[in-house]
Every structure is written in structure tokens, then in C-alpha cells.
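Enquirer: Contents of upload_30.pdb (PDB, C-alpha atoms and all ligand atoms) are given next:
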```pdb
MODEL        1
ATOM      1  CA  MET A  94      70.481 100.100 138.663
ATOM      2  CA  SER A  95      68.915  97.131 136.928
ATOM      3  CA  CYS A  96      69.635  95.227 133.731
ATOM      4  CA  THR A  97      66.344  94.606 132.014
ATOM      5  CA  ALA A  98      67.380  92.552 128.966
ATOM      6  CA  THR A  99      66.645  88.857 128.953
ATOM      7  CA  GLU A 100      69.451  86.473 128.002
ATOM      8  CA  THR A 101      67.811  85.674 124.653
ATOM      9  CA  GLN A 102      67.963  89.325 123.601
ATOM     10  CA  ILE A 103      71.659  89.696 124.338
ATOM     11  CA  GLN A 104      74.150  89.347 121.502
ATOM     12  CA  GLU A 105      77.260  87.386 122.432
ATOM     13  CA  ARG A 106      80.547  87.553 120.565
ATOM     14  CA  GLU A 107      84.086  86.379 121.131
ATOM     15  CA  ASP A 108      85.965  88.510 118.624
ATOM     16  CA  PHE A 109      87.229  91.931 119.646
ATOM     17  CA  TYR A 110      86.230  93.536 116.320
ATOM     18  CA  ASP A 111      82.959  91.807 115.563
ATOM     19  CA  SER A 112      80.135  94.340 115.814
ATOM     20  CA  PRO A 113      79.553  98.037 115.108
ATOM     21  CA  TYR A 114      79.717  98.654 118.870
ATOM     22  CA  LEU A 115      82.984  96.743 119.225
ATOM     23  CA  ALA A 116      84.442  98.643 116.274
ATOM     24  CA  GLU A 117      83.837 101.913 118.109
ATOM     25  CA  HIS A 118      85.002 100.369 121.383
ATOM     26  CA  TYR A 119      88.318  99.440 119.715
ATOM     27  CA  ASP A 120      89.022 103.063 118.839
ATOM     28  CA  LEU A 121      88.192 104.277 122.355
ATOM     29  CA  PHE A 122      90.131 101.435 124.000
ATOM     30  CA  SER A 123      93.226 101.653 121.827
ATOM     31  CA  ALA A 124      93.555 105.435 122.157
ATOM     32  CA  ARG A 125      94.659 104.895 125.760
ATOM     33  CA  PHE A 126      97.734 102.848 124.876
ATOM     34  CA  TRP A 127      99.579 105.722 123.357
ATOM     35  CA  GLU A 128      98.751 108.441 125.860
ATOM     36  CA  PRO A 129     100.097 111.082 126.151
ATOM     37  CA  GLU A 130     101.196 110.837 122.524
ATOM     38  CA  ARG A 131     100.980 108.359 119.724
ATOM     39  CA  LEU A 132     104.155 107.834 117.756
ATOM     40  CA  ASP A 133     103.302 105.324 115.079
ATOM     41  CA  VAL A 134     101.660 107.475 112.392
ATOM     42  CA  PRO A 135     104.558 109.984 112.355
ATOM     43  CA  ILE A 136     107.009 107.079 111.960
ATOM     44  CA  TYR A 137     105.030 105.538 109.093
ATOM     45  CA  LEU A 138     104.377 108.934 107.516
ATOM     46  CA  GLU A 139     108.057 109.808 107.341
ATOM     47  CA  ALA A 140     108.893 106.462 105.732
ATOM     48  CA  PHE A 141     105.943 106.773 103.348
ATOM     49  CA  LYS A 142     107.011 110.243 102.218
ATOM     50  CA  GLN A 143     110.521 109.003 101.509
ATOM     51  CA  ALA A 144     109.192 106.040  99.528
ATOM     52  CA  ARG A 145     106.824 108.260  97.572
ATOM     53  CA  LYS A 146     109.494 110.817  96.717
ATOM     54  CA  ALA A 147     111.829 108.024  95.566
ATOM     55  CA  HIS A 148     109.164 106.513  93.303
ATOM     56  CA  ASP A 149     110.043 106.310  89.625
ATOM     57  CA  PRO A 150     107.750 108.885  87.932
ATOM     58  CA  THR A 151     107.996 107.013  84.624
ATOM     59  CA  SER A 152     106.504 103.850  86.129
ATOM     60  CA  THR A 153     103.410 102.700  84.259
ATOM     61  CA  HIS A 154     101.874 101.177  87.388
ATOM     62  CA  PRO A 155     100.333 102.999  90.338
ATOM     63  CA  PHE A 156     102.192 103.489  93.607
ATOM     64  CA  ILE A 157     100.266 101.166  95.932
ATOM     65  CA  VAL A 158      99.923 101.705  99.675
ATOM     66  CA  LEU A 159      98.472  98.722 101.540
ATOM     67  CA  ASP A 160      97.335  99.052 105.160
ATOM     68  CA  VAL A 161      96.875  95.456 106.332
ATOM     69  CA  GLY A 162      94.523  95.065 109.309
ATOM     70  CA  THR A 163      93.488  98.650 108.698
ATOM     71  CA  GLY A 164      90.808  98.503 111.390
ATOM     72  CA  SER A 165      89.061 101.855 111.439
ATOM     73  CA  GLY A 166      91.574 103.257 108.959
ATOM     74  CA  ARG A 167      93.559 105.265 111.496
ATOM     75  CA  VAL A 168      96.973 104.750 109.888
ATOM     76  CA  LEU A 169      95.794 104.927 106.286
ATOM     77  CA  SER A 170      93.996 108.223 106.874
ATOM     78  CA  GLY A 171      96.975 109.470 108.894
ATOM     79  CA  LEU A 172      99.222 108.849 105.892
ATOM     80  CA  VAL A 173      96.835 110.532 103.473
ATOM     81  CA  LEU A 174      96.162 113.579 105.646
ATOM     82  CA  GLY A 175      99.806 113.921 106.708
ATOM     83  CA  ALA A 176     101.061 113.718 103.137
ATOM     84  CA  CYS A 177      98.426 116.217 101.982
ATOM     85  CA  GLN A 178     100.064 118.774 104.275
ATOM     86  CA  ASP A 179     103.448 118.301 102.608
ATOM     87  CA  ALA A 180     103.693 120.170  99.328
ATOM     88  CA  GLN A 181     106.564 117.897  98.287
ATOM     89  CA  VAL A 182     104.333 114.819  98.250
ATOM     90  CA  ASP A 183     101.932 114.635  95.348
ATOM     91  CA  LEU A 184      98.863 112.543  96.101
ATOM     92  CA  ALA A 185      96.485 114.146  93.676
ATOM     93  CA  ASP A 186      97.923 112.109  90.833
ATOM     94  CA  ASP A 187      96.057 109.167  89.461
ATOM     95  CA  ASP A 188      99.198 107.095  89.979
ATOM     96  CA  ILE A 189      98.722 106.367  93.691
ATOM     97  CA  GLU A 190      96.208 104.070  95.321
ATOM     98  CA  PHE A 191      95.537 103.424  99.005
ATOM     99  CA  VAL A 192      94.035 100.111 100.113
ATOM    100  CA  GLY A 193      92.809  99.403 103.645
ATOM    101  CA  LEU A 194      92.429  95.643 104.154
ATOM    102  CA  ASP A 195      90.731  93.930 107.073
ATOM    103  CA  VAL A 196      88.945  90.676 107.944
ATOM    104  CA  SER A 197      86.318  92.552 109.949
ATOM    105  CA  PRO A 198      83.507  94.150 107.930
ATOM    106  CA  HIS A 199      82.555  96.163 111.021
ATOM    107  CA  MET A 200      85.993  97.757 111.248
ATOM    108  CA  LEU A 201      85.901  98.540 107.530
ATOM    109  CA  SER A 202      82.460 100.140 107.860
ATOM    110  CA  ARG A 203      83.766 102.287 110.681
ATOM    111  CA  ALA A 204      86.775 103.264 108.568
ATOM    112  CA  ALA A 205      84.532 104.317 105.689
ATOM    113  CA  GLU A 206      82.246 106.252 108.075
ATOM    114  CA  THR A 207      84.788 107.980 110.267
ATOM    115  CA  ARG A 208      87.848 108.624 108.083
ATOM    116  CA  PRO A 209      87.038 111.188 105.439
ATOM    117  CA  ILE A 210      89.549 110.956 102.610
ATOM    118  CA  PRO A 211      89.996 114.111 100.510
ATOM    119  CA  ARG A 212      88.383 113.949  97.085
ATOM    120  CA  GLY A 213      90.555 112.756  94.258
ATOM    121  CA  ILE A 214      92.604 110.389  96.396
ATOM    122  CA  CYS A 215      91.970 106.845  95.323
ATOM    123  CA  THR A 216      91.159 104.771  98.420
ATOM    124  CA  SER A 217      89.394 101.454  98.854
ATOM    125  CA  TRP A 218      88.400  99.531 101.981
ATOM    126  CA  VAL A 219      88.748  95.855 101.145
ATOM    127  CA  LEU A 220      87.491  92.801 103.022
ATOM    128  CA  GLY A 221      90.232  90.191 103.000
ATOM    129  CA  SER A 222      92.998  88.501 104.899
ATOM    130  CA  ALA A 223      96.623  89.214 105.639
ATOM    131  CA  LEU A 224      97.126  85.561 104.778
ATOM    132  CA  ASP A 225      95.971  86.054 101.194
ATOM    133  CA  LEU A 226      97.323  89.396 100.000
ATOM    134  CA  ARG A 227      97.560  88.121  96.432
ATOM    135  CA  ALA A 228      93.745  87.910  96.360
ATOM    136  CA  ILE A 229      93.368  91.701  96.675
ATOM    137  CA  PRO A 230      91.682  92.725  93.404
ATOM    138  CA  LEU A 231      94.141  95.564  92.695
ATOM    139  CA  LEU A 232      97.064  93.138  92.939
ATOM    140  CA  LYS A 233      95.617  90.764  90.393
ATOM    141  CA  GLY A 234      96.681  93.009  87.521
ATOM    142  CA  GLY A 235      99.730  90.922  86.691
ATOM    143  CA  ASP A 236     103.204  90.437  88.069
ATOM    144  CA  ALA A 237     104.212  94.066  87.586
ATOM    145  CA  VAL A 238     101.543  95.371  89.988
ATOM    146  CA  LYS A 239     103.306  95.449  93.335
ATOM    147  CA  VAL A 240     102.907  97.124  96.708
ATOM    148  CA  ASP A 241     105.265 100.037  97.284
ATOM    149  CA  PHE A 242     104.424 100.689 100.926
ATOM    150  CA  LEU A 243     102.799  98.185 103.294
ATOM    151  CA  VAL A 244     101.893  98.567 106.963
ATOM    152  CA  PHE A 245     100.500  96.107 109.516
ATOM    153  CA  ALA A 246     100.181  98.499 112.461
ATOM    154  CA  ALA A 247      99.368  98.456 116.159
ATOM    155  CA  GLY A 248     100.740  94.978 116.715
ATOM    156  CA  GLY A 249      98.121  93.503 114.371
ATOM    157  CA  ILE A 250     100.580  90.885 113.105
ATOM    158  CA  ALA A 251     100.317  89.202 116.519
ATOM    159  CA  HIS A 252      96.749  88.199 115.607
ATOM    160  CA  LEU A 253      98.335  85.655 113.250
ATOM    161  CA  VAL A 254      98.639  83.217 116.081
ATOM    162  CA  ASP A 255      97.963  79.790 114.608
ATOM    163  CA  ALA A 256     100.885  77.589 113.594
ATOM    164  CA  GLY A 257     102.639  78.892 110.486
ATOM    165  CA  GLN A 258     100.486  82.017 110.087
ATOM    166  CA  THR A 259     103.202  84.599 110.738
ATOM    167  CA  GLU A 260     105.438  82.933 108.147
ATOM    168  CA  ALA A 261     102.486  82.638 105.736
ATOM    169  CA  PHE A 262     101.866  86.390 106.050
ATOM    170  CA  LEU A 263     105.551  87.173 105.491
ATOM    171  CA  ARG A 264     105.521  84.970 102.377
ATOM    172  CA  GLU A 265     102.526  86.953 101.110
ATOM    173  CA  VAL A 266     104.420  90.180 101.783
ATOM    174  CA  ALA A 267     107.391  88.833  99.834
ATOM    175  CA  ALA A 268     105.068  87.939  96.949
ATOM    176  CA  VAL A 269     103.395  91.352  96.662
ATOM    177  CA  LEU A 270     106.176  93.779  97.646
ATOM    178  CA  GLN A 271     107.927  95.869  94.998
ATOM    179  CA  PRO A 272     111.461  94.471  94.577
ATOM    180  CA  GLY A 273     114.142  96.971  95.562
ATOM    181  CA  SER A 274     112.204 100.034  96.667
ATOM    182  CA  GLY A 275     109.155  98.396  98.327
ATOM    183  CA  ARG A 276     108.970  98.639 102.115
ATOM    184  CA  ALA A 277     106.775  96.770 104.598
ATOM    185  CA  PHE A 278     106.373  97.966 108.182
ATOM    186  CA  VAL A 279     105.090  95.720 110.939
ATOM    187  CA  SER A 280     104.919  96.486 114.623
ATOM    188  CA  PHE A 281     104.718  94.444 117.784
ATOM    189  CA  MET A 282     103.432  95.683 121.114
ATOM    190  CA  ASN A 283     106.368  95.515 123.503
ATOM    191  CA  ALA A 284     104.051  94.025 126.143
ATOM    192  CA  VAL A 285     103.303  91.111 123.818
ATOM    193  CA  MET A 286     106.607  90.537 122.024
ATOM    194  CA  ASP A 287     108.418  87.859 123.935
ATOM    195  CA  SER A 288     106.386  88.683 127.046
ATOM    196  CA  ALA A 289     107.934  87.118 130.080
ATOM    197  CA  ASP A 290     105.086  87.843 132.463
ATOM    198  CA  GLU A 291     101.325  87.686 132.399
ATOM    199  CA  GLU A 292     100.731  91.414 132.527
ATOM    200  CA  SER A 293      97.618  92.467 130.687
ATOM    201  CA  ILE A 294      98.334  94.383 127.489
ATOM    202  CA  ASP A 295      95.709  96.841 128.684
ATOM    203  CA  PRO A 296      97.368  99.465 130.878
ATOM    204  CA  VAL A 297      94.032 100.179 132.610
ATOM    205  CA  LYS A 298      93.315  97.237 134.878
ATOM    206  CA  GLU A 299      90.260  98.200 136.878
ATOM    207  CA  GLN A 300      86.691  97.908 135.663
ATOM    208  CA  GLN A 301      86.031 100.815 133.420
ATOM    209  CA  GLU A 302      83.407 102.427 131.273
ATOM    210  CA  LEU A 303      83.967 104.165 127.995
ATOM    211  CA  PRO A 304      81.070 106.321 126.782
ATOM    212  CA  SER A 305      80.164 105.963 123.116
ATOM    213  CA  GLY A 306      80.614 109.019 120.944
ATOM    214  CA  LYS A 307      78.413 107.558 118.234
ATOM    215  CA  PHE A 308      75.471 105.795 119.883
ATOM    216  CA  PRO A 309      73.397 107.948 122.265
ATOM    217  CA  GLY A 310      73.195 106.587 125.808
ATOM    218  CA  ILE A 311      75.601 103.705 125.134
ATOM    219  CA  VAL A 312      78.566 102.879 127.360
ATOM    220  CA  TYR A 313      81.133 100.088 127.001
ATOM    221  CA  ARG A 314      81.814  98.432 130.347
ATOM    222  CA  THR A 315      84.851  96.140 130.640
ATOM    223  CA  ILE A 316      84.906  93.572 133.429
ATOM    224  CA  ASN A 317      86.852  90.423 134.263
ATOM    225  CA  ALA A 318      90.059  91.488 132.458
ATOM    226  CA  SER A 319      92.885  88.982 132.815
ATOM    227  CA  SER A 320      95.887  87.694 130.896
ATOM    228  CA  GLU A 321      97.891  84.515 130.717
ATOM    229  CA  ILE A 322     100.698  83.129 128.614
ATOM    230  CA  VAL A 323     100.415  79.637 127.190
ATOM    231  CA  GLY A 324     103.547  78.619 125.301
ATOM    232  CA  LYS A 325     104.198  81.389 122.765
ATOM    233  CA  THR A 326     100.662  82.735 123.014
ATOM    234  CA  HIS A 327      99.586  85.719 125.069
ATOM    235  CA  ILE A 328      95.886  85.367 125.910
ATOM    236  CA  ASP A 329      94.005  88.480 126.932
ATOM    237  CA  ARG A 330      90.481  87.997 128.273
ATOM    238  CA  ARG A 331      87.829  90.540 129.063
ATOM    239  CA  ASP A 332      84.072  90.841 129.009
ATOM    240  CA  ILE A 333      82.849  93.905 127.180
ATOM    241  CA  LEU A 334      79.258  94.775 127.917
ATOM    242  CA  VAL A 335      77.463  97.167 125.619
ATOM    243  CA  ILE A 336      75.008  98.946 127.879
ATOM    244  CA  LYS A 337      72.214 101.332 127.079
ATOM    245  CA  LYS A 338      71.664 103.757 129.937
ATOM    246  CA  GLU A 339      68.034 104.781 130.000
ATOM    247  CA  THR A 340      66.896 108.213 131.128
ATOM    248  CA  ASP A 341      65.219 106.680 134.214
ATOM    249  CA  GLY A 342      68.635 105.407 135.383
ATOM    250  CA  SER A 343      68.060 101.774 134.438
ATOM    251  CA  GLU A 344      70.470  99.859 132.219
ATOM    252  CA  ARG A 345      69.880  97.479 129.356
ATOM    253  CA  VAL A 346      72.640  95.113 128.213
ATOM    254  CA  LEU A 347      72.665  95.021 124.406
ATOM    255  CA  GLU A 348      75.776  92.901 123.943
ATOM    256  CA  ARG A 349      77.686  90.686 126.324
ATOM    257  CA  ASN A 350      80.964  90.040 124.544
ATOM    258  CA  THR A 351      83.206  87.448 126.133
ATOM    259  CA  ILE A 352      86.453  88.279 124.399
ATOM    260  CA  SER A 353      89.471  86.038 124.363
ATOM    261  CA  THR A 354      92.236  87.528 122.230
ATOM    262  CA  ARG A 355      95.160  85.254 121.395
ATOM    263  CA  LEU A 356      98.334  87.043 120.373
ATOM    264  CA  ALA A 357     101.553  85.514 119.062
ATOM    265  CA  SER A 358     104.419  86.356 121.367
ATOM    266  CA  TRP A 359     107.608  86.016 119.313
ATOM    267  CA  SER A 360     111.007  87.105 120.525
ATOM    268  CA  PRO A 361     112.929  89.547 118.290
ATOM    269  CA  GLU A 362     115.261  86.686 117.325
ATOM    270  CA  GLU A 363     112.389  84.371 116.371
ATOM    271  CA  PHE A 364     110.796  87.087 114.262
ATOM    272  CA  ALA A 365     114.106  87.862 112.544
ATOM    273  CA  GLY A 366     114.460  84.143 111.724
ATOM    274  CA  MET A 367     111.025  84.079 110.085
ATOM    275  CA  VAL A 368     111.808  87.218 108.086
ATOM    276  CA  GLN A 369     115.026  85.655 106.857
ATOM    277  CA  ALA A 370     113.316  82.366 105.951
ATOM    278  CA  THR A 371     110.688  84.077 103.819
ATOM    279  CA  GLY A 372     113.020  85.995 101.507
ATOM    280  CA  LEU A 373     112.771  89.321 103.313
ATOM    281  CA  GLU A 374     115.254  91.299 105.364
ATOM    282  CA  ILE A 375     114.946  93.750 108.228
ATOM    283  CA  VAL A 376     116.347  97.115 107.152
ATOM    284  CA  ASP A 377     115.409  99.103 110.240
ATOM    285  CA  THR A 378     114.200  98.482 113.795
ATOM    286  CA  ILE A 379     112.742 101.237 115.944
ATOM    287  CA  LYS A 380     111.874 100.528 119.551
ATOM    288  CA  GLU A 381     109.759 103.090 121.354
ATOM    289  CA  ARG A 382     107.822 103.050 124.594
ATOM    290  CA  VAL A 383     104.822 101.024 123.417
ATOM    291  CA  GLU A 384     105.852  99.249 120.231
ATOM    292  CA  THR A 385     108.778  97.945 118.227
ATOM    293  CA  TYR A 386     108.647  98.676 114.492
ATOM    294  CA  TYR A 387     110.373  96.651 111.792
ATOM    295  CA  ALA A 388     110.970  97.911 108.264
ATOM    296  CA  LEU A 389     111.292  95.038 105.798
ATOM    297  CA  LYS A 390     112.328  94.767 102.167
ATOM    298  CA  LEU A 391     112.844  91.944  99.734
ATOM    299  CA  ARG A 392     116.283  90.424 100.081
ATOM    300  CA  GLY A 393     118.729  90.832  97.220
TER     301      GLY A 393
HETATM  302  C1  LIG A 401      95.184  95.954 116.585
HETATM  303  S1  LIG A 401      93.985  96.260 115.343
HETATM  304  C2  LIG A 401      94.798  97.534 114.407
HETATM  305  C3  LIG A 401      93.841  98.426 113.669
HETATM  306  C4  LIG A 401      94.497  99.613 112.962
HETATM  307  N1  LIG A 401      95.498  99.196 112.012
HETATM  308  C5  LIG A 401      95.120 100.572 113.951
HETATM  309  O1  LIG A 401      96.337 100.729 113.907
HETATM  310  O2  LIG A 401      94.402 101.171 114.746
HETATM  311  C6  LIG A 401      94.191  94.835 114.328
HETATM  312  C7  LIG A 401      93.279  94.764 113.117
HETATM  313  O3  LIG A 401      93.713  93.644 112.335
HETATM  314  C8  LIG A 401      92.579  92.973 111.835
HETATM  315  N2  LIG A 401      92.972  91.598 111.525
HETATM  316  C9  LIG A 401      93.170  90.568 112.380
HETATM  317  N3  LIG A 401      93.524  89.469 111.699
HETATM  318  C10 LIG A 401      93.575  89.821 110.390
HETATM  319  C11 LIG A 401      93.879  89.124 109.187
HETATM  320  N4  LIG A 401      94.202  87.826 109.189
HETATM  321  N5  LIG A 401      93.823  89.794 108.022
HETATM  322  C12 LIG A 401      93.479  91.111 107.992
HETATM  323  N6  LIG A 401      93.168  91.816 109.092
HETATM  324  C13 LIG A 401      93.224  91.184 110.275
HETATM  325  C14 LIG A 401      91.529  93.107 112.925
HETATM  326  O4  LIG A 401      90.219  92.914 112.419
HETATM  327  C15 LIG A 401      91.810  94.536 113.414
HETATM  328  O5  LIG A 401      91.027  95.475 112.724
ENDMDL
END
```
Do you think you could lay out the structure here as C-alpha cells?
Expert:
Amino acid sequence: MSCTATETQIQEREDFYDSPYLAEHYDLFSARFWEPERLDVPIYLEAFKQARKAHDPTSTHPFIVLDVGTGSGRVLSGLVLGACQDAQVDLADDDIEFVGLDVSPHMLSRAAETRPIPRGICTSWVLGSALDLRAIPLLKGGDAVKVDFLVFAAGGIAHLVDAGQTEAFLREVAAVLQPGSGRAFVSFMNAVMDSADEESIDPVKEQQELPSGKFPGIVYRTINASSEIVGKTHIDRRDILVIKKETDGSERVLERNTISTRLASWSPEEFAGMVQATGLEIVDTIKERVETYYALKLRG
């Protein structure tokens, strides 16, 4: 097999979510973590249904669901589709709005393409940062417009790795969350939270290829995967090659992505301290095989 692309033709990226190919790769890659079953959407769905049923029907403001770091919209669409199957949960009203927020336009494009939302359910995919939730257009409607249900799923909060970013996000949550009934769910991968060893977060260690379901003839080949811990940061490195397999058996490298993902590795105690310091409180903690989930509310 030969690689026929010249170096100048090859796209190089360092961010895990930074191209249409990488957006699809994320979905294929992440599906493996939760095999044989994925528990997070059912956990969020149950909490969402409870929050929705408890919502004051006389409220003059919409019930707002905010999926921070929505990626390809997996959790947001899981909530919508799951709730649609429950006759007790009314989504067809014009008093509920779903917002999927992400810093990656490629992930948002994939969400819009691959997650069909039933007609009549108000959903928007918004480019923006977890560090600036107050800038979300829907939340600029005055102090009374608050988020009723917020999720930062799949350990996405660990991407807030620079000094002060986790606290800054929690302060944003405190600023936008509905006092009293509002709930925010964040999760940490157990392999990252307070990791004591340098195990890769990827359970599949050997070189591997994931065939694209979207782009004909494309495979994603991961090589050189390694992990290290520097201070409180878990660094996961891998090269992800986007390869076009030609019908004559030759290969063309379309992207050579040298990914270095830095993830904040807080202990449960450190995280609880940050929650406390930002005016929030932990009302529930669920630890399962892959992740630990925290349900937060405003204190007082
Ligand atoms: C681990 S993925 C989770 C994707 C999706 N929520 C899921 O559960 O499959 C993390 C996502 O967070 C996004 N992200 C990282 N930093 C962010 C930030 N500061 N603000 C908003 N999104 C961010 C990434 O672009 C990525 O789509």
C-alpha cells in the first residue's frame, strides 16, 4: 500500500473536533467507551423528565434546556426523542426550547446533519463557549430568562483545563441557572478524574481503523496513542490519519491530525470545593462504570 499525497496537500490539526472528518471520528471513537451499553442519556432523561413535570405551567418564560459542549447533539437529541416517547412529558408546547452549544462549528454541523429533531420542537445549535453562557442569545432576554436543565456530558467539563476555567464555567452556570428548580448535570470520566496512573482514556490501545459511515472509501487510522499526567492535567496524544482507500488498493492521506488533548484531572474533593465556592451545591452524585455524574443546583 502506498500513500500518494504530498505533505503540502495534507491538512494538519491539533484539536480533536476540528474538521468534518474529526467530527465523525469523534462519534465512532466515543461509541466504544460505553460498550456494551451507554448509561448517560437514560440518567439525564430521567432527571429532565422530573424537572419538566415540576415546571410551573404559569411561568411566562420558556423552559430552557442547555446542552453545553453538545458535540454532535447526542445527549440533546436523546432527551428530545426519549421525552417524545413519554406521554406525560409535553414537548410540543411553545414553552420549551433546547439549545446545543459548542465551540466547534464542525461538531455543530454534524449535530444539525445527523440528529433529526421532530417538527415543532424548538431547537438551536449555537456556536459559543461554556465560559460565556451569558452570551447565548436566548439568555439575553433579561434576568428572568434562566436555564431549567443544563448538561455538560461525556466528561466535556475536563476540557476546561487552563487555570481558573472550571471555576469560571461554574460561575457561568450559577449566573444562568433557574434558582430553586434549575438543575445542572456535569460528568467526569472516571479514568480522568483524579487519575493516579497514566492509562490512556481510550480503552482500545492498539493501532486501529474506524471506517467512515459518511464519506465513501474513508477510514480513520489512529497511531501513536499515549497518555501522561503532568500536575493536574491528563494529556492524551494520538495521531489520527484520515485516509482515502482507492479502488486500486492505494491509500491517500487527506488529514494528518496530531492530537494532544489536555484534560483537567480534579479529585472529587477538589471539584466539590469549586462547586461550593461558586454558589452552587451538589445535590446528587452517581458513579457508574465509566463516568461520575454530579447534579448541581444554586445554593440557598
Ligand atoms: C467529550 S465531547 C462531548 C460531546 C457530546 N456532549 C457527547 O456527549 O457526545 C466534548 C465537546 O465539548 C466541546 N467543548 C470543548 N470545550 C468547550 C467550551 N469551552 N465550550 C463549549 N464546548 C466546548 C467540544 O468541542 C466537544 O464537542
Enquirer: What are the closest atom pairs, with distances in Å to one decimal, for all residues of chain A lying within 6 Å of ligand LIG 401 (chain A)? Consider only C-alpha atoms and all ligand atoms, order rows by chain and residue number, and present the result as a tab-separated table.
Expert:
```
residue	atom	partner	partner_atom	distance
A:Tyr110	CA	A:LIG401	O4	5.6
A:Val161	CA	A:LIG401	C12	5.8
A:Gly162	CA	A:LIG401	O3	3.4
A:Thr163	CA	A:LIG401	N1	3.9
A:Gly164	CA	A:LIG401	O5	3.3
A:Arg167	CA	A:LIG401	O2	5.3
A:Val168	CA	A:LIG401	O1	5.7
A:Asp195	CA	A:LIG401	N6	3.8
A:Val196	CA	A:LIG401	N6	4.5
A:Ser197	CA	A:LIG401	O4	4.6
A:Met200	CA	A:LIG401	O5	5.7
A:Ser222	CA	A:LIG401	N5	3.5
A:Ala223	CA	A:LIG401	N5	3.7
A:Leu224	CA	A:LIG401	N4	5.8
A:Ala246	CA	A:LIG401	O1	4.7
A:Ala247	CA	A:LIG401	O1	4.4
A:Gly248	CA	A:LIG401	C1	5.6
A:Gly249	CA	A:LIG401	C6	4.1
A:His252	CA	A:LIG401	N3	5.2
```
Enquirer: Using all atoms listed in the file, which residue out of A:Ala140, A:Leu373, A:Val279, A:Met367 lies closest to Tyr386 of chain A?
Expert: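 Closest candidate: A:Val279.
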Enquirer: Between atom CA of Leu184 of chain A and atom CA of Phe141 of chain A, what is the spacing in Å?
Expert: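 Interatomic distance here is 11.7 Å.
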Enquirer: Set up a box along x, y and z of the file covering all listed atoms of segment 178-197 of chain A, add 3 Å on every one of the six sides, and write the centre and edge lengths in Å to one decimal, as lines of an AutoDock Vina configuration file.
Expert:
```
center_x = 96.4
center_y = 105.4
center_z = 99.7
size_x = 26.2
size_y = 35.5
size_z = 26.5
```
Enquirer: Using all atoms listed in the file, which of A:Asp179, A:Asp160, A:Asp187, A:Glu128 sits nearest Phe242 of chain A?
Expert: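 Going through A:Asp179, A:Asp160, A:Asp187, A:Glu128 one by one, the smallest distance to Phe242 of chain A is for A:Asp160.
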